[in-house]
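Chemist: Okay, here's the structure, questions in a sec.
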Amino acid sequence: MSRFSEDIQTIKEHDPSVKSTLEILLTYPGYYAIMFHRVAHMLYQRNQFLISRIIANISRFLTGIEIHPGATIGRRLFIDHGMGVVIGETASVGDDVVIFQGVTLGGTGKDKGKRHPTIGNDVLLSAYVQVLGPITIGDHSKIGASAVVLKSIPSNATAVGIPAKVVKKNGEKFLAKSVFK
């Protein structure tokens, strides 16, 4: 299956409102942002920094989704209602990730080098989640709406709150305080 077909299929699987492939091709800003990013990232990797940033800015203008061309994006990323999504330069996003509106994968301004988060595979980032700094969100984790994540979250966990705390791990619910004792 081509990446093009894979992206279309991913949107159909995640969005029950989709009526046709043509609808996706004509109206899905998350799809456009990923397509623009692929081109910009390829150029960025070839040290064509200015043109890659120009493409990224055109994409941001057209979609409301800002993905730095240096960011690494995995396969089958689904950005739903993407307005306000920001993915920083050193961020890494795994395969099969779902991102909702207003999510930021940003830096804190204190770090050098790797400044942005690493998101594992099969992760859900709910609306308005802020993941800040060179931290990791483990595979198969879920971050609840409006959480502010400042520390790494393990795999198979659910985290909520400001600051985010793990409330479920490997299917077992518990009070957030018990994780950090």
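Quick note on naming: the chains in the structure tokens go A, B, ... in the order shown, residues restart at 1 in each chain, and ligands are numbered from 1 in order of appearance.
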Taking the chain letters and numbering used in this document, name the residues of stretch 40-173 of chain A that DSSP puts in alpha helix (DSSP H), as a PyMOL selection string.

Modeler: chain A and resi 40-45+49-63

Chemist: Using backbone DSSP assignments, extract all strand (DSSP E or B) residues from stretch 48-132 of chain A; output them as a list in words.

Modeler: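 Here are the strand (DSSP E or B) residues of stretch 48-132 of chain A: Glu66, Ile67, Thr72, Ile73, Phe78, Ile79, Val86, Ile87, Ser92, Val93, Val98, Ile99, Thr104, Leu105, Gly106, Thr118, Ile119, Leu124, Leu125, Gln130, Val131 and Leu132 of chain A.
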
Chemist: Just give me the gap between atom CA of A:Asp111 and atom CA of A:Lys165 in Å, one decimal is fine.

Modeler: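 Answer for the atom CA of A:Asp111 to atom CA of A:Lys165 separation: 22.4 Å.
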
Chemist: Counting only C-alpha atoms, which of A:Glu66, A:Val103, A:Ile87, A:His81 gets nearest to A:Thr118?

Modeler: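 Among A:Glu66, A:Val103, A:Ile87, A:His81, it is A:Ile87 that comes nearest to A:Thr118.
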
Chemist: So that I can see what lies close to A:Gly113, please list as number ranges by chain the residues with an atom at most 10 Å from it, counting only C-alpha atoms and leaving out residues fewer than 3 positions away in the same chain.

Modeler: A: 90, 116, 134

Chemist: For A:Thr72, which of A:Ile119, A:Leu26, A:Gln48, A:Met1 is the closest residue, counting only C-alpha atoms?

Modeler: A:Ile119

Chemist: Go through A:Ser141, A:Gly82, A:Ile67, A:Gly171 one by one, measure the shortest atom-to-atom distance of each to A:Leu105 using only C-alpha atoms, and give the residue with the smallest value.

Modeler: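 Distance minimum relative to A:Leu105 lands on A:Ile67.
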
Chemist: Tell me, in Å to one decimal, how far atom CA of A:Gly88 is from atom CA of A:Ser2.

Modeler: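 Atom-to-atom, atom CA of A:Gly88 and atom CA of A:Ser2 are spaced 26.6 Å apart.
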
Chemist: Which residues are close to A:Ile8, i.e. within 12 Å by only C-alpha atoms, leaving aside same-chain residues fewer than 2 positions away? Reply as a VMD selection string.

Modeler: chain A and resid 1 to 6 10 to 15 18 to 26 28 30 to 32 34 to 35 75 to 78

Chemist: Would you mind telling me which residue in A:Ile153, A:Ala40, A:Ile54, A:Leu124 lies nearest to A:Lys168 when using only C-alpha atoms?

Modeler: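 Answer, going by the shortest atom-to-atom distance: A:Ile153.
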
Chemist: Using only C-alpha atoms, which residues sit within 8 Å of A:Gly74 once same-chain residues fewer than 4 positions away are excluded, as JSON, numbers by chain?

Modeler: {"A": [92, 93, 94, 95, 96]}

Chemist: Please provide the set of residues having any atom within 7 Å of A:Ala159, restricted to only C-alpha atoms, with same-chain residues fewer than 6 positions apart removed, written as a VMD selection string.

Modeler: chain A and resid 142 to 144 165 to 167

Chemist: Would you list the contacts of A:Gln101 as a PyMOL selection string, taking every protein, DNA or RNA residue within 10 Å and counting only C-alpha atoms, but skipping same-chain residues closer than 2 positions in sequence?

Modeler: chain A and resi 30+64-65+79-86+99+103-104+125-129+145

Chemist: Grab the residues selected above and save them as a tab-separated table (two decimals), in the first residue's frame with all heavy atoms.

Modeler:
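Final file, part.tsv:
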chain	number	residue	atom	x	y	z
A	30	GLY	N	-5.52	18.32	8.16
A	30	GLY	CA	-4.51	17.42	8.72
A	30	GLY	C	-3.80	16.63	7.64
A	30	GLY	O	-2.58	16.42	7.69
A	64	GLY	N	-3.45	25.93	9.43
A	64	GLY	CA	-3.49	26.23	10.86
A	64	GLY	C	-2.70	25.25	11.69
A	64	GLY	O	-2.76	25.27	12.92
A	65	ILE	N	-1.93	24.37	11.03
A	65	ILE	CA	-1.12	23.35	11.69
A	65	ILE	C	0.34	23.67	11.41
A	65	ILE	O	0.73	23.81	10.25
A	65	ILE	CB	-1.48	21.95	11.16
A	65	ILE	CG1	-2.95	21.63	11.46
A	65	ILE	CG2	-0.54	20.89	11.73
A	65	ILE	CD1	-3.50	20.43	10.72
A	79	ILE	N	-4.22	13.74	12.32
A	79	ILE	CA	-4.44	15.02	12.99
A	79	ILE	C	-5.89	15.40	12.74
A	79	ILE	O	-6.27	15.70	11.61
A	79	ILE	CB	-3.49	16.10	12.44
A	79	ILE	CG1	-2.03	15.70	12.64
A	79	ILE	CG2	-3.79	17.44	13.12
A	79	ILE	CD1	-1.03	16.64	11.99
A	80	ASP	N	-6.71	15.37	13.80
A	80	ASP	CA	-8.13	15.66	13.67
A	80	ASP	C	-8.41	17.06	14.21
A	80	ASP	O	-7.91	17.42	15.27
A	80	ASP	CB	-8.94	14.63	14.45
A	80	ASP	CG	-10.39	14.58	14.04
A	80	ASP	OD1	-10.76	15.21	13.03
A	80	ASP	OD2	-11.16	13.88	14.74
A	81	HIS	N	-9.20	17.84	13.48
A	81	HIS	CA	-9.50	19.23	13.88
A	81	HIS	C	-8.20	19.94	14.25
A	81	HIS	O	-8.05	20.46	15.34
A	81	HIS	CB	-10.46	19.26	15.07
A	81	HIS	CG	-11.71	18.49	14.85
A	81	HIS	ND1	-12.70	18.92	14.00
A	81	HIS	CD2	-12.14	17.31	15.36
A	81	HIS	CE1	-13.69	18.04	14.01
A	81	HIS	NE2	-13.37	17.06	14.82
A	82	GLY	N	-7.26	19.97	13.34
A	82	GLY	CA	-5.88	20.32	13.63
A	82	GLY	C	-5.54	21.75	13.95
A	82	GLY	O	-4.38	22.04	14.24
A	83	MET	N	-6.46	22.67	13.90
A	83	MET	CA	-6.13	24.08	14.14
A	83	MET	C	-5.34	24.24	15.43
A	83	MET	O	-5.72	23.72	16.47
A	83	MET	CB	-7.40	24.93	14.21
A	83	MET	CG	-7.15	26.41	14.31
A	83	MET	SD	-6.24	27.12	12.94
A	83	MET	CE	-7.47	27.13	11.66
A	84	GLY	N	-4.22	24.94	15.33
A	84	GLY	CA	-3.42	25.24	16.50
A	84	GLY	C	-2.42	24.17	16.91
A	84	GLY	O	-1.71	24.35	17.89
A	85	VAL	N	-2.33	23.07	16.16
A	85	VAL	CA	-1.33	22.06	16.47
A	85	VAL	C	0.05	22.63	16.14
A	85	VAL	O	0.25	23.24	15.09
A	85	VAL	CB	-1.58	20.75	15.67
A	85	VAL	CG1	-0.38	19.81	15.74
A	85	VAL	CG2	-2.84	20.06	16.17
A	86	VAL	N	1.01	22.43	17.06
A	86	VAL	CA	2.39	22.86	16.86
A	86	VAL	C	3.31	21.69	17.19
A	86	VAL	O	3.21	21.11	18.28
A	86	VAL	CB	2.75	24.06	17.76
A	86	VAL	CG1	4.21	24.44	17.60
A	86	VAL	CG2	1.84	25.25	17.47
A	99	ILE	N	-3.62	12.97	17.01
A	99	ILE	CA	-3.45	14.28	17.62
A	99	ILE	C	-4.70	15.11	17.34
A	99	ILE	O	-5.12	15.22	16.19
A	99	ILE	CB	-2.21	14.99	17.05
A	99	ILE	CG1	-0.93	14.22	17.40
A	99	ILE	CG2	-2.15	16.43	17.54
A	99	ILE	CD1	0.33	14.82	16.81
A	103	VAL	N	-2.90	20.85	20.19
A	103	VAL	CA	-1.79	20.13	20.82
A	103	VAL	C	-0.47	20.81	20.49
A	103	VAL	O	-0.24	21.19	19.34
A	103	VAL	CB	-1.77	18.65	20.38
A	103	VAL	CG1	-0.47	17.96	20.79
A	103	VAL	CG2	-2.97	17.90	20.94
A	104	THR	N	0.39	20.93	21.49
A	104	THR	CA	1.74	21.46	21.29
A	104	THR	C	2.75	20.42	21.72
A	104	THR	O	2.68	19.90	22.84
A	104	THR	CB	1.97	22.74	22.11
A	104	THR	OG1	1.04	23.73	21.69
A	104	THR	CG2	3.39	23.26	21.95
A	125	LEU	N	-3.17	11.90	21.79
A	125	LEU	CA	-2.99	13.20	22.43
A	125	LEU	C	-4.29	13.97	22.24
A	125	LEU	O	-4.59	14.45	21.15
A	125	LEU	CB	-1.81	13.95	21.81
A	125	LEU	CG	-0.45	13.23	21.90
A	125	LEU	CD1	0.61	13.99	21.12
A	125	LEU	CD2	-0.04	13.05	23.34
A	126	SER	N	-5.06	14.08	23.31
A	126	SER	CA	-6.38	14.72	23.25
A	126	SER	C	-6.25	16.22	23.04
A	126	SER	O	-5.16	16.78	23.08
A	126	SER	CB	-7.15	14.43	24.54
A	126	SER	OG	-7.32	13.04	24.72
A	127	ALA	N	-7.38	16.89	22.87
A	127	ALA	CA	-7.41	18.32	22.57
A	127	ALA	C	-6.66	19.15	23.60
A	127	ALA	O	-6.77	18.93	24.80
A	127	ALA	CB	-8.86	18.79	22.48
A	128	TYR	N	-5.88	20.09	23.11
A	128	TYR	CA	-5.17	21.10	23.89
A	128	TYR	C	-4.11	20.55	24.85
A	128	TYR	O	-3.72	21.23	25.79
A	128	TYR	CB	-6.16	22.02	24.61
A	128	TYR	CG	-7.09	22.67	23.63
A	128	TYR	CD1	-8.40	22.23	23.48
A	128	TYR	CD2	-6.62	23.67	22.78
A	128	TYR	CE1	-9.23	22.78	22.52
A	128	TYR	CE2	-7.45	24.22	21.82
A	128	TYR	CZ	-8.75	23.77	21.70
A	128	TYR	OH	-9.57	24.32	20.74
A	129	VAL	N	-3.63	19.35	24.60
A	129	VAL	CA	-2.53	18.80	25.39
A	129	VAL	C	-1.25	19.56	25.06
A	129	VAL	O	-0.98	19.88	23.91
A	129	VAL	CB	-2.36	17.28	25.08
A	129	VAL	CG1	-1.01	16.77	25.56
A	129	VAL	CG2	-3.50	16.48	25.68
A	145	ALA	N	-7.45	15.45	27.73
A	145	ALA	CA	-7.62	16.82	27.24
A	145	ALA	C	-7.05	17.85	28.21
A	145	ALA	O	-7.21	17.74	29.42
A	145	ALA	CB	-9.08	17.11	26.97
